[in-house]
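Notes follow the structure.
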Amino acid sequence: MPYVTVKMLEGRTEEQKRALVKEVTEAVSRTVNAPEENIVVFIEEMSKNHYGVAGVRFSDK
């Protein structure tokens, strides 16, 4: 049973997240020949306050 975790910054719509889960599920199924009903997709949204690049938080940009 494949498990996929997608980590991304907060701010996507429910429609975008729904489409992401669908597309990732289809891609994993096609790539590793796993039935879609066995594929689990986790979305972990990170607060812009808790993520930084090059010493600067995204919330400070």
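Residues in the structure tokens are named by chain (A, B, ... in the order shown) and by number from 1 within that chain; ligands are numbered from 1 in the order shown.
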
With the cut-off set at 7 Å and counting only C-alpha atoms, tabulate each residue of segment 1-29 of chain A with an atom at most that distance from an atom of segment 39-50 of chain A, showing the nearest atom pair and its distance in Å to one decimal, ordered by chain and increasing number, as a tab-separated table.
```
residue	atom	partner	partner_atom	distance
A:Met1	CA	A:Ile39	CA	5.9
A:Pro2	CA	A:Ile39	CA	5.1
A:Tyr3	CA	A:Val40	CA	4.8
A:Val4	CA	A:Val41	CA	4.8
A:Thr5	CA	A:Phe42	CA	4.7
A:Val6	CA	A:Ile43	CA	4.9
A:Lys7	CA	A:Glu44	CA	4.7
A:Met8	CA	A:Glu45	CA	5.2
A:Leu9	CA	A:Met46	CA	4.7
A:Glu10	CA	A:Glu45	CA	5.0
A:Val21	CA	A:Val41	CA	6.3
A:Thr25	CA	A:Ile39	CA	6.3
```

With C-alpha atoms retained, export the selected residues as a compact mmCIF listing (two decimals), in the first residue's frame.
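The result, written out as out-v8.txt:
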```
# COMPACT_ATOMS: atom_id res chain seq x y z
CA MET A 1 0.00 0.00 0.00
CA PRO A 2 1.75 3.20 -1.15
CA TYR A 3 1.70 6.19 1.21
CA VAL A 4 2.52 9.61 -0.24
CA THR A 5 3.08 12.76 1.82
CA VAL A 6 2.87 16.16 0.16
CA LYS A 7 4.22 19.04 2.22
CA MET A 8 3.35 22.54 1.06
CA LEU A 9 2.75 26.02 2.36
CA GLU A 10 -0.77 26.85 3.46
CA VAL A 21 -4.97 14.07 -4.26
CA THR A 25 -3.22 8.91 -6.75
```

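Running DSSP on the backbone and keeping only strand (DSSP E), the residues of chain A that qualify are Tyr3, Val4, Thr5, Val6, Lys7, Met8, Leu9, Val40, Val41, Phe42, Ile43, Glu44, Glu45, Met46, Gly52, Val53, Val56 and Arg57 of chain A.
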
In Å, how far is it from atom CA of Gly11 of chain A to atom CA of Val53 of chain A?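 These two atoms are separated by 17.7 Å.
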
Any chance you could list, as a list of chain:residue names, the residues in chain A that come up helix (DSSP H, G or I) when DSSP is run on the backbone? A:Glu14, A:Glu15, A:Gln16, A:Lys17, A:Arg18, A:Ala19, A:Leu20, A:Val21, A:Lys22, A:Glu23, A:Val24, A:Thr25, A:Glu26, A:Ala27, A:Val28, A:Ser29, A:Arg30, A:Thr31, A:Val32, A:Glu36, A:Glu37, A:Asn38, A:Lys48, A:Asn49, A:His50, A:Phe58, A:Ser59, A:Asp60
